[in-house]
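J.: Take a look at coords09.csv, CSV, C-alpha atoms:
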```csv
chain,number,residue,atom,x,y,z
A,1,MET,CA,96.6,100.9,126.4
A,2,ALA,CA,96.9,101.4,122.6
A,3,VAL,CA,95.9,98.6,120.3
A,4,THR,CA,98.8,97.0,118.5
A,5,LYS,CA,99.1,95.2,115.2
A,6,GLU,CA,100.3,92.1,117.1
A,7,GLN,CA,97.0,92.0,119.0
A,8,ILE,CA,95.1,92.1,115.7
A,9,VAL,CA,97.1,89.3,114.1
A,10,ALA,CA,96.6,87.2,117.2
A,11,ALA,CA,92.8,87.7,117.0
A,12,LEU,CA,92.8,86.9,113.3
A,13,ALA,CA,94.8,83.7,114.0
A,14,LYS,CA,91.6,82.3,115.6
A,15,VAL,CA,89.7,82.8,112.3
A,16,ALA,CA,89.9,79.9,109.8
A,17,SER,CA,90.2,80.3,106.1
A,18,PRO,CA,88.0,78.1,103.8
A,19,GLY,CA,90.9,75.7,103.5
A,20,GLY,CA,91.3,75.4,107.2
A,21,ALA,CA,94.5,77.5,107.7
A,22,ALA,CA,94.5,80.3,110.2
A,23,LEU,CA,93.8,83.6,108.4
A,24,PRO,CA,97.3,85.2,108.9
A,25,GLU,CA,98.8,82.0,107.3
A,26,ALA,CA,96.6,82.0,104.3
A,27,LYS,CA,98.7,84.8,102.6
A,28,VAL,CA,95.6,86.9,101.7
A,29,LEU,CA,95.9,89.8,104.2
A,30,SER,CA,97.0,93.3,103.2
A,31,ASP,CA,99.0,95.4,105.5
A,32,ILE,CA,97.0,96.0,108.7
A,33,VAL,CA,96.6,99.6,109.6
A,34,VAL,CA,96.0,100.4,113.2
A,35,SER,CA,95.1,104.0,114.0
A,36,GLY,CA,94.2,104.5,117.6
A,37,ASP,CA,91.0,102.5,118.2
A,38,LYS,CA,90.4,101.9,114.5
A,39,VAL,CA,91.7,99.0,112.3
A,40,PHE,CA,91.7,98.7,108.5
A,41,PHE,CA,92.9,95.9,106.2
A,42,SER,CA,91.7,93.9,103.2
A,43,ILE,CA,91.5,90.2,102.2
A,44,THR,CA,92.5,89.5,98.6
A,45,VAL,CA,91.2,86.3,97.0
A,46,ASP,CA,90.3,85.0,93.6
A,47,ALA,CA,86.9,86.2,92.4
A,48,THR,CA,85.7,82.7,91.9
A,49,ALA,CA,86.1,82.1,95.7
A,50,VAL,CA,84.3,85.2,96.9
A,51,GLN,CA,81.2,83.4,98.2
A,52,ALA,CA,83.4,81.1,100.3
A,53,TRP,CA,85.4,83.9,101.7
A,54,GLU,CA,82.6,86.4,102.6
A,55,PRO,CA,81.8,84.5,105.9
A,56,VAL,CA,85.6,84.6,106.7
A,57,ARG,CA,85.6,88.4,106.1
A,58,ALA,CA,82.7,88.9,108.5
A,59,ALA,CA,84.3,86.6,111.1
A,60,ALA,CA,87.6,88.5,110.8
A,61,GLU,CA,85.8,91.9,111.3
A,62,ALA,CA,84.0,90.5,114.3
A,63,ALA,CA,87.2,89.1,115.8
A,64,VAL,CA,88.9,92.5,115.4
A,65,ARG,CA,86.0,94.4,116.9
A,66,ALA,CA,86.3,92.0,119.9
A,67,VAL,CA,89.9,93.1,120.6
A,68,PRO,CA,89.9,95.3,123.8
A,69,GLY,CA,90.4,98.9,122.8
A,70,VAL,CA,89.1,98.5,119.2
A,71,LYS,CA,86.0,100.7,118.5
A,72,SER,CA,85.6,100.2,114.7
A,73,ALA,CA,87.1,98.0,112.0
A,74,LEU,CA,87.0,98.1,108.2
A,75,VAL,CA,87.7,94.8,106.5
A,76,ALA,CA,87.2,94.7,102.7
A,77,LEU,CA,87.2,91.5,100.6
A,78,THR,CA,89.1,92.2,97.4
A,79,ALA,CA,88.0,89.8,94.6
A,80,GLU,CA,90.5,89.6,91.8
A,81,ARG,CA,89.9,88.0,88.4
A,82,ALA,CA,92.4,86.2,86.3
A,83,ALA,CA,93.6,88.1,83.3
A,84,GLY,CA,91.6,87.3,80.2
A,85,SER,CA,88.6,85.9,82.0
A,86,ALA,CA,85.2,86.6,80.5
A,87,ALA,CA,84.3,88.7,83.5
A,88,ALA,CA,87.4,90.7,83.8
A,89,ARG,CA,85.8,93.9,84.9
A,90,GLY,CA,88.3,94.7,87.6
A,91,PRO,CA,88.2,93.9,91.3
A,92,GLN,CA,85.0,94.5,93.2
A,93,PRO,CA,84.1,94.4,96.8
A,94,ALA,CA,82.3,91.3,98.0
A,95,HIS,CA,79.0,93.1,98.6
A,96,VAL,CA,78.9,94.0,94.9
A,97,ALA,CA,80.5,90.7,93.5
A,98,ASN,CA,77.9,88.6,95.3
A,99,GLN,CA,74.8,90.3,94.0
A,100,PRO,CA,72.9,88.4,91.4
A,101,ARG,CA,73.0,90.2,88.0
A,102,LYS,CA,70.1,90.6,85.6
A,103,PRO,CA,71.0,90.0,82.0
A,104,ALA,CA,71.8,93.2,80.2
A,105,ALA,CA,69.3,94.3,77.6
A,106,PRO,CA,70.8,94.4,74.1
A,107,ALA,CA,71.2,97.9,72.7
A,108,ALA,CA,71.8,99.3,69.2
A,109,HIS,CA,75.1,100.5,67.7
A,110,GLY,CA,77.1,97.8,69.6
A,111,HIS,CA,76.4,99.0,73.1
A,112,ALA,CA,75.0,97.2,76.1
A,113,HIS,CA,73.3,98.8,79.1
A,114,GLY,CA,73.4,97.1,82.5
A,115,ALA,CA,70.1,96.9,84.4
A,116,GLU,CA,69.0,100.1,86.1
A,117,ARG,CA,68.9,100.0,89.9
A,118,LYS,CA,67.7,102.4,92.5
A,119,LYS,CA,70.5,103.9,94.5
A,120,ALA,CA,70.2,104.3,98.2
A,121,GLY,CA,70.5,107.9,99.5
A,122,ILE,CA,71.6,108.9,103.0
A,123,PRO,CA,68.8,109.2,105.5
A,124,GLY,CA,68.3,112.8,106.5
A,125,VAL,CA,70.4,114.2,103.6
A,126,ASP,CA,68.5,116.0,100.8
A,127,ALA,CA,71.2,116.3,98.2
A,128,ILE,CA,74.7,115.2,97.4
A,129,ILE,CA,77.0,117.0,95.0
A,130,ALA,CA,80.5,116.2,93.8
A,131,VAL,CA,83.4,118.7,93.3
A,132,ALA,CA,85.8,117.1,90.8
A,133,SER,CA,88.7,117.8,88.5
A,134,GLY,CA,90.3,115.9,85.7
A,135,LYS,CA,93.7,116.4,87.2
A,136,GLY,CA,95.4,117.4,90.5
A,137,GLY,CA,96.9,120.7,91.3
A,138,VAL,CA,94.0,122.9,90.2
A,139,GLY,CA,92.8,123.9,93.6
A,140,LYS,CA,89.8,121.6,93.7
A,141,SER,CA,89.8,120.9,97.4
A,142,THR,CA,90.2,124.6,98.3
A,143,THR,CA,87.3,125.4,96.0
A,144,ALA,CA,85.2,122.6,97.5
A,145,VAL,CA,85.7,123.8,101.0
A,146,ASN,CA,84.8,127.4,100.2
A,147,LEU,CA,81.9,126.3,98.1
A,148,ALA,CA,80.5,124.4,101.0
A,149,LEU,CA,80.9,127.4,103.3
A,150,GLY,CA,79.2,129.5,100.6
A,151,LEU,CA,76.3,127.2,100.6
A,152,ARG,CA,76.2,127.4,104.4
A,153,ASP,CA,76.1,131.2,104.1
A,154,LEU,CA,73.0,130.8,101.9
A,155,GLY,CA,71.2,129.2,104.9
A,156,LEU,CA,71.8,125.6,104.2
A,157,LYS,CA,72.8,122.8,106.6
A,158,VAL,CA,76.0,121.5,104.9
A,159,GLY,CA,78.3,118.5,105.3
A,160,MET,CA,81.5,117.6,103.6
A,161,LEU,CA,83.0,114.3,102.7
A,162,ASP,CA,86.6,113.9,101.7
A,163,ALA,CA,86.5,111.1,99.0
A,164,ASP,CA,90.2,111.3,98.3
A,165,ILE,CA,91.4,108.2,100.1
A,166,TYR,CA,95.0,108.3,98.9
A,167,GLY,CA,95.5,112.1,99.5
A,168,PRO,CA,92.9,113.5,101.9
A,169,SER,CA,93.0,117.3,102.1
A,170,LEU,CA,90.2,118.3,104.5
A,171,PRO,CA,92.2,117.7,107.7
A,172,LYS,CA,94.7,120.3,106.5
A,173,LEU,CA,92.2,122.7,105.0
A,174,PHE,CA,90.2,122.8,108.3
A,175,ALA,CA,93.2,122.3,110.7
A,176,ILE,CA,91.5,119.2,112.2
A,177,LYS,CA,93.8,116.9,114.2
A,178,GLU,CA,91.3,115.1,116.5
A,179,ARG,CA,89.7,111.7,115.8
A,180,PRO,CA,86.0,111.3,115.3
A,181,GLU,CA,84.0,109.7,118.1
A,182,THR,CA,82.0,106.5,117.6
A,183,ILE,CA,78.4,106.0,118.4
A,184,ASP,CA,77.7,102.5,119.9
A,185,GLY,CA,80.9,101.4,118.3
A,186,LYS,CA,79.2,101.1,114.9
A,187,ARG,CA,78.8,104.6,113.5
A,188,LEU,CA,81.2,107.6,113.3
A,189,LYS,CA,80.3,111.0,114.4
A,190,PRO,CA,81.5,113.7,111.9
A,191,ILE,CA,83.7,116.5,113.1
A,192,GLU,CA,82.2,120.0,113.0
A,193,ARG,CA,84.0,123.1,111.9
A,194,TYR,CA,82.5,126.5,110.9
A,195,GLY,CA,79.0,125.0,110.9
A,196,LEU,CA,79.9,122.1,108.6
A,197,LYS,CA,79.8,118.4,109.4
A,198,ILE,CA,83.0,116.9,108.0
A,199,MET,CA,84.3,113.3,107.5
A,200,SER,CA,87.7,112.2,106.0
A,201,ILE,CA,89.8,109.1,106.0
A,202,GLY,CA,92.5,111.5,107.1
A,203,PHE,CA,90.8,111.8,110.5
A,204,LEU,CA,91.3,108.1,111.1
A,205,ILE,CA,95.0,107.6,110.1
A,206,GLU,CA,98.3,109.4,110.8
A,207,GLU,CA,99.1,112.2,108.4
A,208,GLU,CA,102.1,110.4,106.9
A,209,THR,CA,100.5,106.9,106.7
A,210,PRO,CA,100.3,105.8,103.0
A,211,MET,CA,97.0,104.3,101.9
A,212,ILE,CA,98.3,101.4,99.8
A,213,TRP,CA,94.8,100.0,99.0
A,214,ARG,CA,93.4,98.4,95.9
A,215,GLY,CA,90.2,99.8,94.2
A,216,PRO,CA,87.7,97.7,96.2
A,217,MET,CA,89.1,98.8,99.5
A,218,VAL,CA,88.7,102.4,98.4
A,219,MET,CA,85.1,101.7,97.3
A,220,SER,CA,84.3,100.0,100.7
A,221,ALA,CA,85.8,102.9,102.6
A,222,LEU,CA,83.8,105.4,100.7
A,223,THR,CA,80.6,103.4,101.2
A,224,GLN,CA,81.2,103.3,104.9
A,225,MET,CA,82.0,107.0,105.2
A,226,LEU,CA,78.7,107.8,103.4
A,227,HIS,CA,76.4,105.3,105.1
A,228,GLU,CA,78.0,104.6,108.5
A,229,VAL,CA,78.4,108.2,109.6
A,230,GLU,CA,75.8,110.0,111.7
A,231,TRP,CA,75.3,112.9,109.3
A,232,GLY,CA,72.0,113.9,110.8
A,233,LYS,CA,69.6,116.3,109.0
A,234,LEU,CA,71.5,118.1,106.2
A,235,ASP,CA,70.4,120.0,103.1
A,236,ILE,CA,73.5,119.0,101.2
A,237,ILE,CA,76.7,117.1,101.3
A,238,VAL,CA,79.6,118.4,99.2
A,239,VAL,CA,82.0,115.6,98.2
A,240,ASP,CA,85.6,116.6,97.6
A,241,MET,CA,86.5,114.0,94.9
A,242,PRO,CA,90.0,112.8,94.1
A,243,PRO,CA,91.4,114.0,90.8
A,244,GLY,CA,90.8,111.9,87.7
A,245,THR,CA,88.1,109.5,86.6
A,246,GLY,CA,88.8,106.3,88.5
A,247,ASP,CA,87.3,104.0,91.1
A,248,ALA,CA,86.1,106.7,93.5
A,249,GLN,CA,84.4,108.7,90.8
A,250,LEU,CA,82.6,105.6,89.5
A,251,THR,CA,81.7,104.4,93.0
A,252,MET,CA,80.0,107.8,93.8
A,253,ALA,CA,78.3,108.0,90.4
A,254,GLN,CA,77.0,104.4,90.5
A,255,GLN,CA,76.1,104.0,94.2
A,256,VAL,CA,75.0,107.5,95.3
A,257,PRO,CA,72.1,109.6,93.9
A,258,LEU,CA,74.3,112.6,93.0
A,259,LYS,CA,72.4,115.8,92.3
A,260,GLY,CA,75.2,116.9,90.1
A,261,ALA,CA,78.9,117.6,89.8
A,262,VAL,CA,81.0,120.8,89.8
A,263,ILE,CA,84.2,120.7,87.6
A,264,VAL,CA,87.2,122.8,88.7
A,265,SER,CA,89.9,123.7,86.2
A,266,THR,CA,92.6,126.2,85.6
A,267,PRO,CA,92.5,128.2,82.3
A,268,GLN,CA,95.4,126.6,80.5
A,269,ASP,CA,95.0,124.1,77.7
A,270,LEU,CA,96.6,121.2,79.6
A,271,ALA,CA,94.2,121.4,82.5
A,272,LEU,CA,91.2,121.9,80.2
A,273,ILE,CA,92.0,118.6,78.4
A,274,ASP,CA,91.5,116.8,81.7
A,275,ALA,CA,88.5,118.9,82.6
A,276,ARG,CA,86.8,117.7,79.4
A,277,ARG,CA,87.3,114.2,80.5
A,278,GLY,CA,85.7,114.9,83.9
A,279,VAL,CA,82.7,116.5,82.2
A,280,ALA,CA,82.4,113.6,79.8
A,281,MET,CA,82.6,111.0,82.5
A,282,PHE,CA,79.8,112.5,84.6
A,283,LYS,CA,77.7,112.9,81.5
A,284,ARG,CA,78.4,109.3,80.6
A,285,VAL,CA,77.0,108.0,83.9
A,286,ASN,CA,74.0,110.4,83.7
A,287,VAL,CA,75.2,112.8,86.5
A,288,PRO,CA,74.3,116.4,85.6
A,289,VAL,CA,77.2,118.8,85.4
A,290,LEU,CA,76.2,121.8,87.5
A,291,GLY,CA,78.9,123.9,86.0
A,292,VAL,CA,82.6,124.7,85.6
A,293,VAL,CA,84.8,126.9,87.9
A,294,GLU,CA,87.9,128.6,86.5
A,295,ASN,CA,90.4,128.6,89.4
A,296,MET,CA,93.6,130.6,89.5
A,297,SER,CA,92.0,132.6,86.7
A,298,TYR,CA,94.2,135.6,87.0
A,299,PHE,CA,96.7,137.3,89.4
A,300,LEU,CA,96.5,140.8,90.7
A,301,CYS,CA,99.8,142.1,92.0
A,302,PRO,CA,99.3,143.2,95.6
A,303,GLU,CA,101.9,146.0,95.2
A,304,CYS,CA,101.0,147.6,91.9
A,305,GLY,CA,97.6,146.2,91.1
A,306,THR,CA,98.7,145.0,87.7
A,307,ARG,CA,96.7,142.0,86.4
A,308,SER,CA,98.7,139.0,85.0
A,309,ASP,CA,97.0,136.0,83.3
A,310,ILE,CA,99.6,133.5,84.5
A,311,PHE,CA,97.7,130.4,83.3
A,312,SER,CA,96.0,132.2,80.4
A,313,HIS,CA,92.5,133.3,81.0
A,314,GLY,CA,88.9,132.5,80.0
A,315,GLY,CA,89.7,128.9,78.8
A,316,ALA,CA,87.3,127.3,81.3
A,317,ARG,CA,84.5,129.7,80.3
A,318,HIS,CA,84.9,129.0,76.6
A,319,GLU,CA,85.1,125.2,77.3
A,320,ALA,CA,81.9,125.4,79.4
A,321,GLU,CA,80.2,127.1,76.5
A,322,ARG,CA,81.5,124.6,74.0
A,323,LEU,CA,80.3,121.7,76.1
A,324,GLY,CA,77.0,123.2,76.9
A,325,VAL,CA,77.3,123.4,80.7
A,326,PRO,CA,77.0,126.4,83.0
A,327,PHE,CA,80.1,128.6,83.8
A,328,LEU,CA,80.0,129.3,87.5
A,329,GLY,CA,82.7,131.9,87.9
A,330,GLU,CA,86.4,132.9,88.1
A,331,VAL,CA,88.5,132.6,91.3
A,332,PRO,CA,91.8,134.6,91.2
A,333,LEU,CA,95.2,133.3,92.1
A,334,HIS,CA,95.8,135.2,95.4
A,335,MET,CA,98.1,135.0,98.4
A,336,THR,CA,95.2,135.4,100.9
A,337,ILE,CA,93.4,132.3,99.6
A,338,ARG,CA,96.5,130.2,99.6
A,339,GLU,CA,97.7,131.4,103.0
A,340,LYS,CA,94.3,130.9,104.6
A,341,SER,CA,94.0,127.4,103.1
A,342,ASP,CA,97.4,126.3,104.3
A,343,SER,CA,96.5,127.5,107.8
A,344,GLY,CA,93.2,125.7,108.0
A,345,LEU,CA,91.3,129.0,108.0
A,346,PRO,CA,89.2,129.0,104.8
A,347,VAL,CA,88.7,132.4,103.5
A,348,VAL,CA,84.9,132.3,103.3
A,349,ALA,CA,84.7,131.5,107.0
A,350,THR,CA,87.5,133.8,108.3
A,351,GLU,CA,87.2,136.8,105.9
A,352,PRO,CA,83.5,136.7,105.2
A,353,ASP,CA,83.4,140.4,104.1
A,354,GLY,CA,86.3,140.1,101.7
A,355,PRO,CA,86.2,140.0,97.9
A,356,HIS,CA,87.2,136.4,97.7
A,357,ALA,CA,84.4,135.2,100.0
A,358,LYS,CA,82.0,137.1,97.8
A,359,ILE,CA,83.3,135.2,94.7
A,360,TYR,CA,82.8,131.8,96.4
A,361,ARG,CA,79.3,132.8,97.6
A,362,ASP,CA,78.3,133.8,94.1
A,363,ILE,CA,79.5,130.5,92.8
A,364,ALA,CA,77.5,128.7,95.6
A,365,ALA,CA,74.4,130.7,94.6
A,366,LYS,CA,74.7,129.5,91.0
A,367,VAL,CA,75.2,125.9,92.1
A,368,LEU,CA,72.1,126.1,94.3
A,369,GLU,CA,70.2,127.6,91.4
A,370,GLN,CA,71.2,124.7,89.2
A,371,ILE,CA,70.1,122.2,91.9
A,372,LYS,CA,66.8,124.0,92.5
A,373,GLY,CA,66.2,124.5,88.9
A,374,GLY,CA,65.7,120.8,88.4
A,375,ALA,CA,68.9,120.0,86.5
A,376,SER,CA,68.7,116.6,88.1
A,377,SER,CA,65.0,116.2,88.9
A,378,GLY,CA,63.4,113.0,87.8
A,379,ARG,CA,66.8,111.5,87.0
A,380,GLN,CA,67.0,107.8,86.6
A,381,ALA,CA,69.9,105.7,87.9
A,382,PRO,CA,72.9,105.8,85.5
A,383,LYS,CA,73.2,103.4,82.6
A,384,ILE,CA,76.8,102.2,82.4
A,385,VAL,CA,77.8,101.9,78.7
A,386,ILE,CA,80.1,99.1,77.7
A,387,GLU,CA,81.8,99.4,74.4
A,388,ALA,CA,81.4,96.2,72.3
```
Would it be possible to restate this file's structure as structure tokens?

T.:
Amino acid sequence: MAVTKEQIVAALAKVASPGGAALPEAKVLSDIVVSGDKVFFSITVDATAVQAWEPVRAAAEAAVRAVPGVKSALVALTAERAAGSAAARGPQPAHVANQPRKPAAPAAHGHAHGAERKKAGIPGVDAIIAVASGKGGVGKSTTAVNLALGLRDLGLKVGMLDADIYGPSLPKLFAIKERPETIDGKRLKPIERYGLKIMSIGFLIEEETPMIWRGPMVMSALTQMLHEVEWGKLDIIVVDMPPGTGDAQLTMAQQVPLKGAVIVSTPQDLALIDARRGVAMFKRVNVPVLGVVENMSYFLCPECGTRSDIFSHGGARHEAERLGVPFLGEVPLHMTIREKSDSGLPVVATEPDGPHAKIYRDIAAKVLEQIKGGASSGRQAPKIVIEA
């Protein structure tokens, strides 16, 4: 029998808040998402009360896991700070908010650097790279999927993580509809397609379910999908990032030892403005930029062979040169790439001998060259710069 929201609320009613009220009556719960045998929700409290609420969060998660039929649960503690408070740095998950902080060392020119900390990698995974864009609609996810397959074709064992919590794309791009299995009720087993190990929040929820989550919930979900998934032995994980420079990007940059980032842009000026922001953000947190890909670079008419530069041409190459980062290649705007992507049949996997697969494999080879060339070797944990 399917787990219902009513069962979850009934289980949470047995958990007392710090003030003694039953948890559902404390008015701190977000909407409870029940997806098959998996449950997600957050508890939102004032940041000053985080320490008192963390045991409640743990008790709530345990209560939910004890409900018959529930195999996994994600309960995040969202700590909000009052506007204007001295520590108004935005909401943080409890496991971050509770950590003792070392005093920041003073820096010149009005900057302060937080204390460096060693970031935990994923056991068995040699490298993690991010594929990012400054804005949506530039074909980043399609590029990420075919880049991962290109790395596979180079003989690597590859995984993919969909870090776009609000708009996951990998279920569509791989035509995956099944749910991941759990191992001992604690760890998720990634779904395999075309030799890749894949994980996405989209595998755990219905396609049309909106993810109305605050930043800390997103951060907690990303952390769980990285560290509570049985990835096994992999040479590399390719992370399909959401567009922009928000919580997900900072979570990955600050908590994961990224080997580097690939920036995807279209050639026109509007997209390049946002691509510059993406490059600047990764540089700011000391993540090497492995290079820039110009997607939808040009269009070849399938009837007459005439080339049209619909979105201009060469802008990403010039921008990469100006910013001093490698240019990885041009991907054309072509019906085959679009049709294959929409059908969940990525072109590198299903037309490996075609011209488009060769383009993606060439890009993958350049990315691998950047990684092996030591672009990120000896890198220290990022120093987050706070403007005075």

J.: For atom CA of A:Arg65 and atom CA of A:Thr78, determine how far apart the two atoms are, in Å to one decimal place.

T.: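 About the pair atom CA of A:Arg65 and atom CA of A:Thr78: they are 19.9 Å apart.
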
J.: So which one's closest to A:Ala60, A:Val33, A:Ala13, A:Ala349, A:Val158? Using all atoms listed in the file, please.

T.: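 For A:Ala60, the nearest of the given residues is A:Ala13.
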
J.: If you measure from atom CA of A:Glu330 to atom CA of A:Val293, what distance in Å do you get, rounded to one decimal?

T.: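 Computing the Euclidean distance for atom CA of A:Glu330 and atom CA of A:Val293 yields 6.2 Å.
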
J.: Counting all atoms listed in the file, write as JSON, numbers by chain all protein and nucleic acid residues lying at most 9 Å from (83.0, 104.7, 116.2) in the file's frame.

T.: {"A": [37, 38, 71, 72, 73, 180, 181, 182, 183, 184, 185, 186, 187, 188, 189, 229]}

J.: Include C-alpha atoms and write out the residues we just selected as a compact mmCIF listing (two decimals), in the coordinates of the input.

T.:
```txt
# COMPACT_ATOMS: atom_id res chain seq x y z
CA ASP A 37 91.00 102.50 118.20
CA LYS A 38 90.40 101.90 114.50
CA LYS A 71 86.00 100.70 118.50
CA SER A 72 85.60 100.20 114.70
CA ALA A 73 87.10 98.00 112.00
CA PRO A 180 86.00 111.30 115.30
CA GLU A 181 84.00 109.70 118.10
CA THR A 182 82.00 106.50 117.60
CA ILE A 183 78.40 106.00 118.40
CA ASP A 184 77.70 102.50 119.90
CA GLY A 185 80.90 101.40 118.30
CA LYS A 186 79.20 101.10 114.90
CA ARG A 187 78.80 104.60 113.50
CA LEU A 188 81.20 107.60 113.30
CA LYS A 189 80.30 111.00 114.40
CA VAL A 229 78.40 108.20 109.60
```

J.: Which residues, written as a VMD selection string, have at least one atom at most 9 Å from A:Leu333, with only C-alpha atoms counted and residues fewer than 5 positions away on the same chain left out?

T.: chain A and resid 295 to 300 310 338

J.: Selection from above, C-alpha atoms, as a JSON list (two decimals), keeping the file's coordinate frame, can you write it?

T.:
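Contents of the output file selection12.json:
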```json
[["chain", "number", "residue", "atom", "x", "y", "z"],
["A", 295, "ASN", "CA", 90.40, 128.60, 89.40],
["A", 296, "MET", "CA", 93.60, 130.60, 89.50],
["A", 297, "SER", "CA", 92.00, 132.60, 86.70],
["A", 298, "TYR", "CA", 94.20, 135.60, 87.00],
["A", 299, "PHE", "CA", 96.70, 137.30, 89.40],
["A", 300, "LEU", "CA", 96.50, 140.80, 90.70],
["A", 310, "ILE", "CA", 99.60, 133.50, 84.50],
["A", 338, "ARG", "CA", 96.50, 130.20, 99.60]]
```

J.: State, in Å with one decimal place, the distance from atom CA of A:Glu178 to atom CA of A:Val347.

T.: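 Atom CA of A:Val347 lies at a distance of 21.8 Å from atom CA of A:Glu178.
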
J.: Using only C-alpha atoms, determine which residues lie at most 8 Å from stretch 131-133 of chain A, disregarding the query and same-chain residues fewer than 6 positions distant; provide the list as a ChimeraX atom specification.

T.: /A:140-141,144,238-244,261-265,274-275,278

J.: Under the rule that only C-alpha atoms are counted, which of A:Gly36, A:Gly150, A:Pro355, A:Pro190 is the nearest residue to A:Asp162?

T.: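 Distance minimum relative to A:Asp162 lands on A:Pro190.
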
J.: Determine the nearest neighbour of A:Val138 from the options A:Val325, A:Met335, A:Leu272, A:Val70, counting all atoms listed in the file.

T.: A:Leu272

J.: Which residue, A:Arg179, A:Lys172, A:Gly139, A:Arg284, has the smallest gap to A:His334 when you use only C-alpha atoms?

T.: A:Gly139

J.: Provide stretch 242-258 of chain A of the preceding structure as a file containing N, CA and C atoms, as a PDB file, in the first residue's frame.

T.:
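Written file, result-v7.pdb:
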```pdb
ATOM      1  N   PRO A 242      22.487  23.778 -12.235  1.00  0.00           N
ATOM      2  CA  PRO A 242      21.403  24.668 -12.672  1.00  0.00           C
ATOM      3  C   PRO A 242      22.002  25.949 -13.233  1.00  0.00           C
ATOM      4  N   PRO A 243      21.250  26.695 -14.021  1.00  0.00           N
ATOM      5  CA  PRO A 243      21.792  27.951 -14.548  1.00  0.00           C
ATOM      6  C   PRO A 243      21.949  28.989 -13.445  1.00  0.00           C
ATOM      7  N   GLY A 244      22.846  29.924 -13.668  1.00  0.00           N
ATOM      8  CA  GLY A 244      23.015  31.023 -12.720  1.00  0.00           C
ATOM      9  C   GLY A 244      24.170  30.810 -11.762  1.00  0.00           C
ATOM     10  N   THR A 245      24.177  31.623 -10.700  1.00  0.00           N
ATOM     11  CA  THR A 245      25.265  31.590  -9.720  1.00  0.00           C
ATOM     12  C   THR A 245      24.684  31.647  -8.312  1.00  0.00           C
ATOM     13  N   GLY A 246      23.823  30.674  -7.985  1.00  0.00           N
ATOM     14  CA  GLY A 246      23.120  30.710  -6.707  1.00  0.00           C
ATOM     15  C   GLY A 246      23.574  29.658  -5.720  1.00  0.00           C
ATOM     16  N   ASP A 247      22.612  29.180  -4.900  1.00  0.00           N
ATOM     17  CA  ASP A 247      22.916  28.265  -3.801  1.00  0.00           C
ATOM     18  C   ASP A 247      23.588  26.983  -4.269  1.00  0.00           C
ATOM     19  N   ALA A 248      23.070  26.390  -5.334  1.00  0.00           N
ATOM     20  CA  ALA A 248      23.615  25.102  -5.787  1.00  0.00           C
ATOM     21  C   ALA A 248      25.070  25.247  -6.210  1.00  0.00           C
ATOM     22  N   GLN A 249      25.376  26.315  -6.948  1.00  0.00           N
ATOM     23  CA  GLN A 249      26.742  26.526  -7.399  1.00  0.00           C
ATOM     24  C   GLN A 249      27.690  26.726  -6.219  1.00  0.00           C
ATOM     25  N   LEU A 250      27.256  27.536  -5.251  1.00  0.00           N
ATOM     26  CA  LEU A 250      28.108  27.789  -4.094  1.00  0.00           C
ATOM     27  C   LEU A 250      28.265  26.536  -3.234  1.00  0.00           C
ATOM     28  N   THR A 251      27.190  25.752  -3.105  1.00  0.00           N
ATOM     29  CA  THR A 251      27.282  24.507  -2.349  1.00  0.00           C
ATOM     30  C   THR A 251      28.321  23.583  -2.973  1.00  0.00           C
ATOM     31  N   MET A 252      28.266  23.420  -4.293  1.00  0.00           N
ATOM     32  CA  MET A 252      29.217  22.543  -4.962  1.00  0.00           C
ATOM     33  C   MET A 252      30.636  23.080  -4.830  1.00  0.00           C
ATOM     34  N   ALA A 253      30.812  24.395  -4.995  1.00  0.00           N
ATOM     35  CA  ALA A 253      32.150  24.978  -4.958  1.00  0.00           C
ATOM     36  C   ALA A 253      32.759  24.922  -3.568  1.00  0.00           C
ATOM     37  N   GLN A 254      31.928  25.088  -2.537  1.00  0.00           N
ATOM     38  CA  GLN A 254      32.436  25.175  -1.180  1.00  0.00           C
ATOM     39  C   GLN A 254      32.536  23.822  -0.482  1.00  0.00           C
ATOM     40  N   GLN A 255      31.703  22.857  -0.862  1.00  0.00           N
ATOM     41  CA  GLN A 255      31.654  21.595  -0.128  1.00  0.00           C
ATOM     42  C   GLN A 255      32.227  20.405  -0.886  1.00  0.00           C
ATOM     43  N   VAL A 256      32.503  20.580  -2.174  1.00  0.00           N
ATOM     44  CA  VAL A 256      32.978  19.474  -3.000  1.00  0.00           C
ATOM     45  C   VAL A 256      34.314  19.854  -3.642  1.00  0.00           C
ATOM     46  N   PRO A 257      35.295  18.949  -3.634  1.00  0.00           N
ATOM     47  CA  PRO A 257      36.587  19.259  -4.264  1.00  0.00           C
ATOM     48  C   PRO A 257      36.504  19.176  -5.788  1.00  0.00           C
ATOM     49  N   LEU A 258      35.916  20.184  -6.402  1.00  0.00           N
ATOM     50  CA  LEU A 258      35.755  20.192  -7.850  1.00  0.00           C
ATOM     51  C   LEU A 258      37.114  20.290  -8.546  1.00  0.00           C
TER      52      LEU A 258
END
```
